[in-house]
>>> print(open('model_24.txt').read())   # compact mmCIF, C-alpha atoms
# COMPACT_ATOMS: atom_id res chain seq x y z
CA MET Q 1 18.14 77.24 -20.70
CA ARG Q 2 16.70 73.89 -19.59
CA ILE Q 3 18.71 70.79 -18.68
CA LEU Q 4 17.54 69.11 -21.90
CA ASP Q 5 19.07 71.93 -23.95
CA MET Q 6 22.49 70.91 -22.64
CA VAL Q 7 22.39 67.57 -24.47
CA GLY Q 8 24.86 67.26 -27.37
CA ASN Q 9 27.32 69.72 -28.93
CA THR Q 10 30.09 68.04 -26.95
CA PRO Q 11 33.77 68.91 -27.54
CA LEU Q 12 36.01 66.83 -29.79
CA ILE Q 13 39.28 66.28 -27.93
CA GLU Q 14 42.57 65.50 -29.63
CA LEU Q 15 44.39 62.56 -28.00
CA ALA Q 16 47.77 63.95 -28.97
CA ASN Q 17 49.89 62.21 -26.35
CA MET Q 18 48.50 58.73 -26.95
CA ALA Q 19 48.68 59.13 -30.74
CA LYS Q 20 52.29 60.39 -30.72
CA ALA Q 21 53.49 57.04 -32.04
CA PHE Q 22 51.52 57.59 -35.26
CA PRO Q 23 52.90 60.71 -36.94
CA GLY Q 24 50.53 62.37 -39.36
CA VAL Q 25 47.51 60.58 -37.92
CA THR Q 26 45.04 62.47 -35.74
CA VAL Q 27 42.98 60.63 -33.10
CA LEU Q 28 40.00 62.49 -31.66
CA GLY Q 29 37.60 61.57 -28.86
CA LYS Q 30 34.05 62.93 -28.73
CA ALA Q 31 33.64 63.98 -25.11
CA GLU Q 32 30.21 62.50 -24.45
CA PHE Q 33 30.81 62.59 -20.71
CA ALA Q 34 30.13 66.32 -21.09
CA ASN Q 35 26.42 65.63 -21.57
CA PRO Q 36 24.29 66.73 -18.60
CA SER Q 37 23.66 63.27 -17.10
CA GLY Q 38 27.24 62.32 -17.91
CA SER Q 39 27.06 60.01 -20.91
CA VAL Q 40 26.38 59.63 -24.62
CA LYS Q 41 23.02 58.11 -23.70
CA ASP Q 42 21.48 61.53 -23.12
CA ARG Q 43 21.18 61.93 -26.86
CA ALA Q 44 19.13 58.80 -27.52
CA ALA Q 45 17.08 59.09 -24.32
CA LYS Q 46 16.08 62.66 -25.08
CA ALA Q 47 15.20 61.82 -28.69
CA MET Q 48 13.14 58.74 -27.75
CA LEU Q 49 11.17 60.43 -24.96
CA LEU Q 50 10.46 63.59 -26.97
CA ASP Q 51 9.43 61.37 -29.90
CA GLY Q 52 7.07 59.46 -27.59
CA ILE Q 53 5.53 62.71 -26.32
CA GLU Q 54 5.13 64.05 -29.83
CA LYS Q 55 3.42 60.85 -31.00
CA GLY Q 56 1.08 60.87 -28.02
CA LEU Q 57 2.48 57.58 -26.67
CA LEU Q 58 4.09 59.12 -23.58
CA THR Q 59 1.31 60.92 -21.77
CA LYS Q 60 1.13 62.33 -18.24
CA GLY Q 61 0.71 59.58 -15.67
CA LYS Q 62 2.52 56.94 -17.71
CA THR Q 63 5.74 55.41 -16.46
CA VAL Q 64 8.80 55.22 -18.70
CA ALA Q 65 10.11 51.62 -18.54
CA ASP Q 66 13.14 50.16 -20.31
CA ALA Q 67 16.05 47.75 -19.96
CA THR Q 68 19.43 49.39 -19.45
CA SER Q 69 22.87 48.60 -18.10
CA GLY Q 70 22.92 52.00 -16.45
CA ASN Q 71 23.73 55.03 -18.55
CA THR Q 72 20.47 55.11 -20.48
CA GLY Q 73 18.71 54.65 -17.16
CA ILE Q 74 20.46 57.68 -15.70
CA ALA Q 75 19.51 59.68 -18.79
CA TYR Q 76 15.85 58.58 -18.54
CA ALA Q 77 15.85 59.39 -14.83
CA MET Q 78 17.21 62.89 -15.48
CA ILE Q 79 14.70 63.61 -18.23
CA GLY Q 80 11.84 62.02 -16.29
CA ALA Q 81 12.60 64.29 -13.34
CA ALA Q 82 12.85 67.37 -15.55
CA LEU Q 83 9.64 66.67 -17.46
CA GLY Q 84 7.59 65.07 -14.69
CA TYR Q 85 7.36 61.38 -15.65
CA ARG Q 86 7.87 58.34 -13.45
CA VAL Q 87 10.72 56.09 -14.61
CA SER Q 88 11.14 52.34 -13.96
CA LEU Q 89 14.40 50.67 -15.02
CA TYR Q 90 15.27 47.00 -15.48
CA MET Q 91 18.96 46.33 -15.02
CA PRO Q 92 21.31 43.46 -14.19
CA ALA Q 93 22.04 43.31 -10.46
CA ASN Q 94 25.79 43.60 -11.13
CA THR Q 95 25.40 47.14 -12.44
CA SER Q 96 27.66 49.47 -10.47
CA MET Q 97 26.61 51.05 -7.20
CA GLU Q 98 27.37 54.55 -8.52
CA ARG Q 99 24.81 54.13 -11.28
CA LYS Q 100 22.11 52.64 -9.12
CA ARG Q 101 22.49 55.43 -6.59
CA MET Q 102 22.42 58.17 -9.17
CA ILE Q 103 19.26 56.70 -10.67
CA ARG Q 104 17.57 56.52 -7.27
CA TYR Q 105 18.62 60.07 -6.34
CA LEU Q 106 17.05 61.25 -9.62
CA GLY Q 107 13.81 59.65 -8.42
CA ALA Q 108 13.60 56.59 -10.67
CA GLU Q 109 12.78 53.02 -9.63
CA ILE Q 110 15.16 50.10 -10.29
CA VAL Q 111 14.10 46.49 -10.91
CA GLU Q 112 17.13 44.21 -10.68
CA THR Q 113 17.46 41.22 -12.99
CA SER Q 114 19.80 38.22 -12.97
CA PRO Q 115 23.48 39.16 -13.31
CA LEU Q 116 24.03 35.81 -15.04
CA GLU Q 117 21.88 36.92 -17.96
CA SER Q 118 23.40 40.40 -18.42
CA SER Q 119 21.48 42.86 -20.59
CA ASP Q 120 19.44 40.14 -22.29
CA GLY Q 121 17.88 39.22 -18.94
CA ALA Q 122 16.89 42.84 -18.32
CA PHE Q 123 15.47 43.03 -21.83
CA ARG Q 124 13.26 39.98 -21.26
CA ALA Q 125 12.15 41.20 -17.81
CA VAL Q 126 10.92 44.57 -19.02
CA ARG Q 127 8.96 42.86 -21.79
CA GLU Q 128 7.28 40.61 -19.26
CA ALA Q 129 6.29 43.65 -17.15
CA LEU Q 130 4.82 45.35 -20.23
CA ALA Q 131 2.86 42.24 -21.12
CA ARG Q 132 1.32 42.20 -17.64
CA GLU Q 133 0.22 45.88 -17.64
CA PRO Q 134 0.51 47.25 -21.15
CA GLY Q 135 -1.43 50.47 -20.48
CA ARG Q 136 0.77 51.60 -17.63
CA TYR Q 137 4.06 52.13 -19.40
CA PHE Q 138 5.77 54.00 -22.17
CA TYR Q 139 8.44 51.65 -23.48
CA PRO Q 140 11.11 53.49 -25.51
CA ASP Q 141 12.70 50.12 -26.44
CA GLN Q 142 16.15 51.57 -27.03
CA TYR Q 143 17.34 48.43 -28.86
CA ASN Q 144 14.67 48.77 -31.53
CA ASN Q 145 13.60 52.44 -31.60
CA PRO Q 146 14.72 54.25 -34.78
CA ALA Q 147 14.75 57.52 -32.81
CA ASN Q 148 17.89 56.16 -31.07
CA PRO Q 149 20.15 56.01 -34.15
CA GLY Q 150 18.16 58.97 -35.47
CA ALA Q 151 19.52 61.13 -32.65
CA HIS Q 152 23.08 60.23 -33.61
CA TYR Q 153 22.37 60.79 -37.28
CA GLU Q 154 21.00 64.26 -36.55
CA THR Q 155 23.49 65.29 -33.86
CA THR Q 156 26.59 63.13 -33.17
CA GLY Q 157 27.37 62.38 -36.82
CA ARG Q 158 26.71 65.94 -37.94
CA GLU Q 159 28.79 67.39 -35.11
CA ILE Q 160 31.76 65.13 -35.95
CA TRP Q 161 31.51 66.14 -39.60
CA GLU Q 162 31.48 69.83 -38.73
CA GLN Q 163 34.03 69.71 -35.87
CA THR Q 164 36.62 67.94 -38.04
CA GLY Q 165 36.09 70.50 -40.80
CA ARG Q 166 34.83 67.63 -43.01
CA SER Q 167 38.17 65.86 -42.67
CA VAL Q 168 37.14 62.73 -40.70
CA THR Q 169 38.39 59.55 -42.42
CA HIS Q 170 37.58 56.85 -39.82
CA PHE Q 171 34.82 56.50 -37.25
CA ALA Q 172 35.12 53.78 -34.59
CA ALA Q 173 32.58 53.01 -31.88
CA SER Q 174 31.64 50.16 -29.59
CA MET Q 175 28.06 48.95 -29.64
CA GLY Q 176 25.51 48.48 -26.89
CA THR Q 177 22.21 49.18 -28.60
CA SER Q 178 24.36 50.11 -31.64
CA GLY Q 179 22.55 53.48 -31.80
CA THR Q 180 25.69 55.64 -31.73
CA PHE Q 181 27.51 53.53 -34.30
CA THR Q 182 24.56 53.13 -36.64
CA GLY Q 183 23.35 56.74 -36.58
CA ALA Q 184 26.71 58.50 -36.70
CA ALA Q 185 28.19 56.10 -39.30
CA ARG Q 186 25.12 56.51 -41.49
CA ARG Q 187 25.43 60.31 -41.38
CA LEU Q 188 29.18 60.37 -41.97
CA LYS Q 189 28.93 57.99 -44.93
CA GLU Q 190 26.20 60.12 -46.42
CA GLU Q 191 28.45 63.17 -46.10
CA ASN Q 192 31.44 61.29 -47.50
CA PRO Q 193 31.10 57.67 -48.68
CA ASN Q 194 34.84 57.17 -48.18
CA VAL Q 195 34.57 57.49 -44.39
CA ARG Q 196 35.37 54.08 -42.92
CA ALA Q 197 33.07 52.94 -40.11
CA ILE Q 198 34.62 50.45 -37.73
CA ALA Q 199 32.66 48.56 -35.11
CA VAL Q 200 34.46 47.92 -31.82
CA GLN Q 201 33.66 44.53 -30.27
CA PRO Q 202 34.69 42.71 -27.09
CA ASP Q 203 36.90 39.76 -28.04
CA SER Q 204 34.86 37.34 -25.94
CA PRO Q 205 31.16 36.90 -25.10
CA PHE Q 206 32.34 36.78 -21.47
CA HIS Q 207 33.87 40.23 -21.05
CA GLY Q 208 34.05 43.18 -18.66
CA ILE Q 209 33.54 46.09 -21.05
CA GLU Q 210 30.49 47.74 -19.56
CA GLY Q 211 27.78 48.91 -21.89
CA THR Q 212 29.04 46.96 -24.89
CA LYS Q 213 27.40 43.92 -26.38
CA HIS Q 214 29.15 40.97 -27.98
CA MET Q 215 26.83 40.93 -30.98
CA ALA Q 216 27.52 37.37 -32.13
CA SER Q 217 26.31 35.86 -28.84
CA THR Q 218 23.48 38.18 -27.72
CA ILE Q 219 20.03 39.31 -28.84
CA ARG Q 220 20.54 41.34 -31.99
CA PRO Q 221 19.30 44.96 -31.67
CA GLY Q 222 16.69 45.77 -34.31
CA ILE Q 223 18.40 49.08 -35.08
CA LEU Q 224 21.74 47.43 -35.92
CA ASP Q 225 22.70 47.95 -39.56
CA GLU Q 226 25.67 45.73 -40.44
CA SER Q 227 25.85 47.16 -43.95
CA LEU Q 228 27.47 50.25 -42.41
CA GLN Q 229 30.37 48.25 -40.94
CA ASP Q 230 33.51 48.37 -43.05
CA ASP Q 231 35.49 46.50 -40.44
CA VAL Q 232 35.39 45.16 -36.89
CA VAL Q 233 38.17 45.68 -34.35
CA TYR Q 234 38.24 43.32 -31.37
CA VAL Q 235 39.40 44.56 -27.96
CA THR Q 236 40.12 42.47 -24.88
CA THR Q 237 38.80 43.58 -21.51
CA GLU Q 238 42.39 43.90 -20.31
CA GLU Q 239 43.20 46.25 -23.22
CA ALA Q 240 40.12 48.34 -22.43
CA TYR Q 241 41.13 48.61 -18.76
CA GLU Q 242 44.71 49.52 -19.58
CA THR Q 243 43.67 52.15 -22.13
CA THR Q 244 41.18 53.64 -19.66
CA ARG Q 245 44.03 54.08 -17.18
CA ARG Q 246 46.26 55.57 -19.90
CA LEU Q 247 43.55 58.06 -20.88
CA ALA Q 248 43.64 59.36 -17.32
CA LEU Q 249 47.42 59.33 -16.93
CA GLN Q 250 48.51 60.48 -20.39
CA GLU Q 251 45.66 62.76 -21.50
CA GLY Q 252 44.10 63.80 -18.22
CA ILE Q 253 40.78 62.37 -19.42
CA PHE Q 254 39.04 60.48 -16.64
CA ALA Q 255 36.71 58.31 -18.72
CA GLY Q 256 34.92 54.98 -18.40
CA ILE Q 257 35.70 51.48 -19.64
CA SER Q 258 33.89 51.64 -22.97
CA SER Q 259 35.83 54.84 -23.74
CA GLY Q 260 38.98 52.83 -23.06
CA ALA Q 261 37.80 50.10 -25.45
CA ASN Q 262 37.02 52.70 -28.13
CA VAL Q 263 40.38 54.46 -27.79
CA ALA Q 264 42.22 51.11 -27.77
CA ALA Q 265 40.51 50.33 -31.09
CA ALA Q 266 41.19 53.83 -32.47
CA LEU Q 267 44.91 53.41 -31.70
CA LYS Q 268 44.96 50.01 -33.44
CA ILE Q 269 43.37 51.65 -36.47
CA ALA Q 270 45.88 54.52 -36.24
CA GLY Q 271 48.73 52.02 -36.42
CA ALA Q 272 47.59 50.86 -39.86
CA ALA Q 273 46.20 54.14 -41.22
CA PRO Q 274 47.96 56.32 -43.81
CA ALA Q 275 49.28 59.78 -42.87
CA GLY Q 276 46.56 62.39 -43.01
CA SER Q 277 43.98 60.08 -41.43
CA VAL Q 278 41.56 61.63 -38.93
CA ILE Q 279 40.16 58.95 -36.62
CA VAL Q 280 37.19 59.81 -34.43
CA THR Q 281 35.87 57.71 -31.58
CA ILE Q 282 33.49 58.14 -28.66
CA LEU Q 283 34.35 58.86 -25.02
CA CYS Q 284 31.06 57.44 -23.78
CA ASP Q 285 31.04 58.36 -20.10
CA SER Q 286 33.10 59.49 -17.11
CA GLY Q 287 35.39 57.34 -15.01
CA ALA Q 288 33.55 58.67 -11.97
CA ARG Q 289 30.87 56.07 -12.79
CA TYR Q 290 33.35 53.28 -12.11
CA LEU Q 291 35.03 54.48 -8.93
CA SER Q 292 34.16 51.29 -7.07
CA ASP Q 293 35.69 49.15 -9.81
CA ARG Q 294 38.99 47.48 -9.11
CA PHE Q 295 40.63 47.98 -12.48
CA TRP Q 296 41.90 51.50 -11.66
CA ASP Q 297 44.59 50.08 -9.48
CA PRO Q 298 47.50 49.00 -11.62
CA PRO Q 299 47.82 45.23 -11.82
CA GLN Q 300 50.20 43.65 -9.37
CA THR Q 301 52.04 41.80 -12.07
CA GLU Q 302 52.13 42.55 -15.76
CA GLY Q 303 48.53 43.10 -16.84
CA ILE Q 304 47.05 40.83 -14.22
CA PHE Q 305 45.18 41.30 -11.00
CA ASP Q 306 46.49 39.14 -8.18
CA TRP Q 307 43.61 36.92 -7.24
CA ASN Q 308 44.94 35.86 -3.91
CA ILE Q 309 44.85 39.12 -1.96
CA MET K 1 30.92 17.60 -6.30
CA ALA K 2 30.03 21.31 -6.67
CA LYS K 3 27.42 22.87 -8.91
CA ILE K 4 28.52 25.61 -11.31
CA LEU K 5 26.00 28.16 -12.58
CA ILE K 6 26.98 29.13 -16.11
CA PRO K 7 26.34 32.71 -17.31
CA THR K 8 24.48 33.11 -20.60
CA ALA K 9 27.61 34.49 -22.25
CA LEU K 10 29.38 31.15 -21.81
CA ARG K 11 26.51 28.82 -22.69
CA ALA K 12 27.55 28.75 -26.35
CA PHE K 13 30.47 26.63 -25.14
CA THR K 14 28.42 24.29 -22.94
CA ASP K 15 25.82 23.17 -25.50
CA GLY K 16 23.42 25.69 -23.97
CA LYS K 17 23.61 24.14 -20.52
CA SER K 18 23.09 26.60 -17.64
CA GLU K 19 24.53 24.34 -14.94
CA ALA K 20 27.37 21.89 -14.66
CA GLU K 21 28.93 19.76 -11.95
CA ALA K 22 32.62 19.79 -11.19
CA GLU K 23 34.90 18.14 -8.68
CA GLY K 24 37.27 20.06 -6.44
CA LYS K 25 38.10 21.04 -2.88
CA THR K 26 38.80 24.70 -3.66
CA VAL K 27 37.19 27.25 -5.99
CA GLY K 28 40.29 27.13 -8.20
CA GLU K 29 40.04 23.35 -8.55
CA VAL K 30 36.31 23.43 -9.28
CA ILE K 31 36.72 26.05 -12.03
CA ALA K 32 39.70 24.18 -13.50
CA ALA K 33 37.67 20.95 -13.61
CA PHE K 34 34.80 22.80 -15.27
CA ALA K 35 37.15 24.34 -17.87
CA ALA K 36 38.66 20.92 -18.54
CA ALA K 37 35.21 19.48 -19.22
CA TYR K 38 34.45 22.22 -21.76
CA PRO K 39 37.80 22.99 -23.44
CA ASP K 40 36.47 25.87 -25.58
CA ILE K 41 35.67 27.79 -22.43
CA ALA K 42 39.21 27.98 -21.07
CA ARG K 43 40.40 31.00 -23.06
CA HIS K 44 37.39 33.00 -21.89
CA LEU K 45 38.14 32.28 -18.23
CA TYR K 46 41.95 32.25 -18.21
CA ASP K 47 44.60 34.52 -19.68
CA GLU K 48 47.63 33.32 -21.67
CA GLU K 49 49.51 32.62 -18.46
CA GLY K 50 46.72 30.44 -17.16
CA ARG K 51 45.46 32.92 -14.60
CA LEU K 52 41.76 33.56 -14.07
CA ARG K 53 40.85 36.79 -15.88
CA SER K 54 40.73 39.79 -13.58
CA TYR K 55 37.13 40.74 -14.38
CA VAL K 56 35.63 37.36 -13.53
CA ASN K 57 33.77 37.46 -10.23
CA VAL K 58 33.28 34.16 -8.48
CA PHE K 59 30.70 33.45 -5.81
CA VAL K 60 30.39 30.45 -3.53
CA GLY K 61 26.81 30.51 -2.44
CA ASP K 62 26.20 34.22 -1.97
CA GLU K 63 29.76 35.14 -1.02
CA ASN K 64 32.23 36.77 -3.40
CA ILE K 65 35.40 34.75 -2.91
CA ARG K 66 37.60 37.85 -3.11
CA GLY K 67 36.95 38.31 0.56
CA PHE K 68 37.24 34.60 1.40
CA GLY K 69 40.63 33.36 0.28
CA GLY K 70 40.23 33.88 -3.46
CA LEU K 71 40.75 30.77 -5.54
CA ASP K 72 41.91 28.91 -2.45
CA ALA K 73 38.49 29.34 -0.85
CA PRO K 74 37.13 25.91 0.10
CA VAL K 75 34.09 24.46 -1.65
CA LYS K 76 31.96 21.94 0.19
CA ASP K 77 30.12 19.11 -1.47
CA GLY K 78 26.87 20.37 -3.02
CA GLU K 79 27.77 24.06 -2.84
CA THR K 80 27.06 26.34 -5.79
CA VAL K 81 29.82 28.23 -7.60
CA THR K 82 28.64 31.15 -9.77
CA LEU K 83 30.70 32.91 -12.44
CA VAL K 84 29.68 36.52 -13.14
CA PRO K 85 31.53 38.97 -15.37
CA ALA K 86 32.46 42.04 -13.31
CA ILE K 87 30.64 44.26 -15.76
CA ALA K 88 29.92 47.43 -13.87
CA GLY K 89 31.88 46.24 -10.92
CA GLY K 90 30.80 47.01 -7.48
CA GLY K 91 31.05 43.30 -8.03
CA ALA K 92 29.03 42.24 -5.04
CA GLY K 93 25.66 42.51 -6.77
CA ARG K 94 23.69 39.28 -6.91
CA ALA K 95 20.06 38.79 -7.78
>>> encode(input="model_24.txt", output="structure tokens")
Amino acid sequence: MRILDMVGNTPLIELANMAKAFPGVTVLGKAEFANPSGSVKDRAAKAMLLDGIEKGLLTKGKTVADATSGNTGIAYAMIGAALGYRVSLYMPANTSMERKRMIRYLGAEIVETSPLESSDGAFRAVREALAREPGRYFYPDQYNNPANPGAHYETTGREIWEQTGRSVTHFAASMGTSGTFTGAARRLKEENPNVRAIAVQPDSPFHGIEGTKHMASTIRPGILDESLQDDVVYVTTEEAYETTRRLALQEGIFAGISSGANVAAALKIAGAAPAGSVIVTILCDSGARYLSDRFWDPPQTEGIFDWNI
Amino acid sequence: MAKILIPTALRAFTDGKSEAEAEGKTVGEVIAAFAAAYPDIARHLYDEEGRLRSYVNVFVGDENIRGFGGLDAPVKDGETVTLVPAIAGGGAGRA
């Protein structure tokens, strides 16, 4: 077995304790932290790089370059190391230390961009680098590459369909590139048009939910397909933090912030869903990626961090 | 008068402006004056109880104010206050 063969086929975990308040409704989390580099991004990264190799665009000696807030970068770095390609990643300087270190230890290079401009700044910076030396790079362009949602259509969506014994009724996922949402929702709706696909969005353009994009205020990913969205559920950063802590304390699942946002949304959906509903969401990555974050410590007063310590 | 650098995510509320000036002797006062000048911005910076949201990182110059008195940290005339969402924490990262 090779490391790349370990991508996908992740477990679907029932969140029985957190969903106890909703009798008859099942809430399931797809354990994407079980992928070899630790996040859902392994699926898209693997698909895009193998697609580039197959099409002759990624050849030996070329450097893989892309904009990423971290997890895709770690996935590229892992695959680059395994297959023998250099990797150069453009990311906002406020990306967590854990991610930057992991990327460097996997042998990839990091180019930091302005933290004020978030992922859009990284996106523009990588495009400028490509314009300067177009022949040097393979640019997967995760925001616009159909192989990204294609991976989730072929794997994530199919796995959810099979693992729920064809009983899934709702699929909810936050969006960064929108690849997971778009690909998995497309597959599930093809299998059963009655499956409801719900996009999870930060409530504010100024938010702390890592890896998610507030679509209304940022550069629209080319792969986004709004026609798949039956509904949008908004989650505050505080709700995402609190639910991330509850996942650890009540389910024993040590996951990251976007997983908390997804589960917070899934529980909101569960509150309004009829008995018999099977709600599936994504546990995008591990909480170990956020160990230096402050939100793990319970707030000093109800829901709030005390600013004056 | 202090200069505030406005993150892209908040520019929709400042007519696209990337910088603003605001009066105040402390970081808390400067941010409050900024929020008062652009009323739509307040709910993105403050919670229902009027406290600065926990994931907002504030820098004076290059220093994160968490280590320098928090919102009571003094701001001198002409200094730059930067608001950065704590996305991906570590928090101290600046370009």
>>> residues_near_point(input="model_24.txt", point="(13.9, 56.6, -29.5)", cutoff="9 Å", atoms="all atoms listed in the file", output="PyMOL selection string")
chain Q and resi 44-52+140-151
>>> closest_residue(input="model_24.txt", among="Q:Ala275, Q:Ala248, Q:Ala240, Q:Cys284", to="Q:Asn35", atoms="all atoms listed in the file")
Q:Cys284
>>> residues_around(input="model_24.txt", residues="Q:Gly165", least_positions_apart="6", cutoff="12 Å", atoms="all atoms listed in the file", output="list of chain:residue names")
Q:Leu12, Q:Arg158, Q:Glu159, Q:Glu191, Q:Val278
>>> interface_residues(input="model_24.txt", of="chain Q", to="chain K", cutoff="10 Å", atoms="all atoms listed in the file", output="PyMOL selection string")
chain Q and resi 69-70+92-99+112-118+120-121+203-212+214+217-218+237-238+241+257+289-295+299+303-309
>>> atom_distance(input="model_24.txt", atom1="atom CA of Q:Ser167", atom2="atom CA of Q:Ser258")
24.7 Å
>>> atom_distance(input="model_24.txt", atom1="atom CA of Q:Met91", atom2="atom CA of Q:Thr244")
23.8 Å
>>> residues_around(input="model_24.txt", residues="Q:Pro202", least_positions_apart="6", cutoff="6 Å", atoms="all atoms listed in the file", output="list in words")
His214, Tyr234, Val235 and Thr236 of chain Q
>>> atom_distance(input="model_24.txt", atom1="atom CA of Q:Leu283", atom2="atom CA of Q:Val40")
8.0 Å
>>> build_atoms(input="model_24.txt", residues="stretch 37-50 of chain K", atoms="N, CA, C and O atoms", output="CSV table (one decimal), keeping the file's coordinate frame")
chain,number,residue,atom,x,y,z
K,37,ALA,N,36.3,20.2,-18.6
K,37,ALA,CA,35.2,19.5,-19.2
K,37,ALA,C,34.7,20.2,-20.5
K,37,ALA,O,34.1,19.5,-21.4
K,38,TYR,N,34.9,21.5,-20.6
K,38,TYR,CA,34.4,22.2,-21.8
K,38,TYR,C,35.6,23.0,-22.3
K,38,TYR,O,35.8,24.2,-22.0
K,39,PRO,N,36.5,22.4,-23.1
K,39,PRO,CA,37.8,23.0,-23.4
K,39,PRO,C,37.7,24.4,-24.1
K,39,PRO,O,38.5,25.2,-23.9
K,40,ASP,N,36.6,24.6,-24.9
K,40,ASP,CA,36.5,25.9,-25.6
K,40,ASP,C,36.3,27.0,-24.6
K,40,ASP,O,36.5,28.2,-25.0
K,41,ILE,N,36.0,26.7,-23.4
K,41,ILE,CA,35.7,27.8,-22.4
K,41,ILE,C,36.9,28.4,-21.8
K,41,ILE,O,37.0,29.5,-21.4
K,42,ALA,N,38.0,27.6,-21.8
K,42,ALA,CA,39.2,28.0,-21.1
K,42,ALA,C,39.7,29.4,-21.4
K,42,ALA,O,40.0,30.2,-20.5
K,43,ARG,N,39.8,29.7,-22.7
K,43,ARG,CA,40.4,31.0,-23.1
K,43,ARG,C,39.5,32.2,-22.6
K,43,ARG,O,40.0,33.3,-22.5
K,44,HIS,N,38.3,31.9,-22.4
K,44,HIS,CA,37.4,33.0,-21.9
K,44,HIS,C,37.5,33.2,-20.4
K,44,HIS,O,37.2,34.3,-19.9
K,45,LEU,N,38.0,32.2,-19.7
K,45,LEU,CA,38.1,32.3,-18.2
K,45,LEU,C,39.6,32.6,-17.8
K,45,LEU,O,39.8,33.2,-16.8
K,46,TYR,N,40.5,32.1,-18.6
K,46,TYR,CA,42.0,32.2,-18.2
K,46,TYR,C,42.7,33.1,-19.2
K,46,TYR,O,42.4,33.0,-20.4
K,47,ASP,N,43.7,33.8,-18.8
K,47,ASP,CA,44.6,34.5,-19.7
K,47,ASP,C,45.7,33.6,-20.2
K,47,ASP,O,45.7,32.4,-19.9
K,48,GLU,N,46.6,34.1,-21.0
K,48,GLU,CA,47.6,33.3,-21.7
K,48,GLU,C,48.5,32.6,-20.7
K,48,GLU,O,49.1,31.6,-20.9
K,49,GLU,N,48.6,33.2,-19.5
K,49,GLU,CA,49.5,32.6,-18.5
K,49,GLU,C,48.7,31.7,-17.6
K,49,GLU,O,49.3,31.2,-16.6
K,50,GLY,N,47.5,31.4,-17.9
K,50,GLY,CA,46.7,30.4,-17.2
K,50,GLY,C,46.1,31.0,-15.9
K,50,GLY,O,45.6,30.2,-15.0
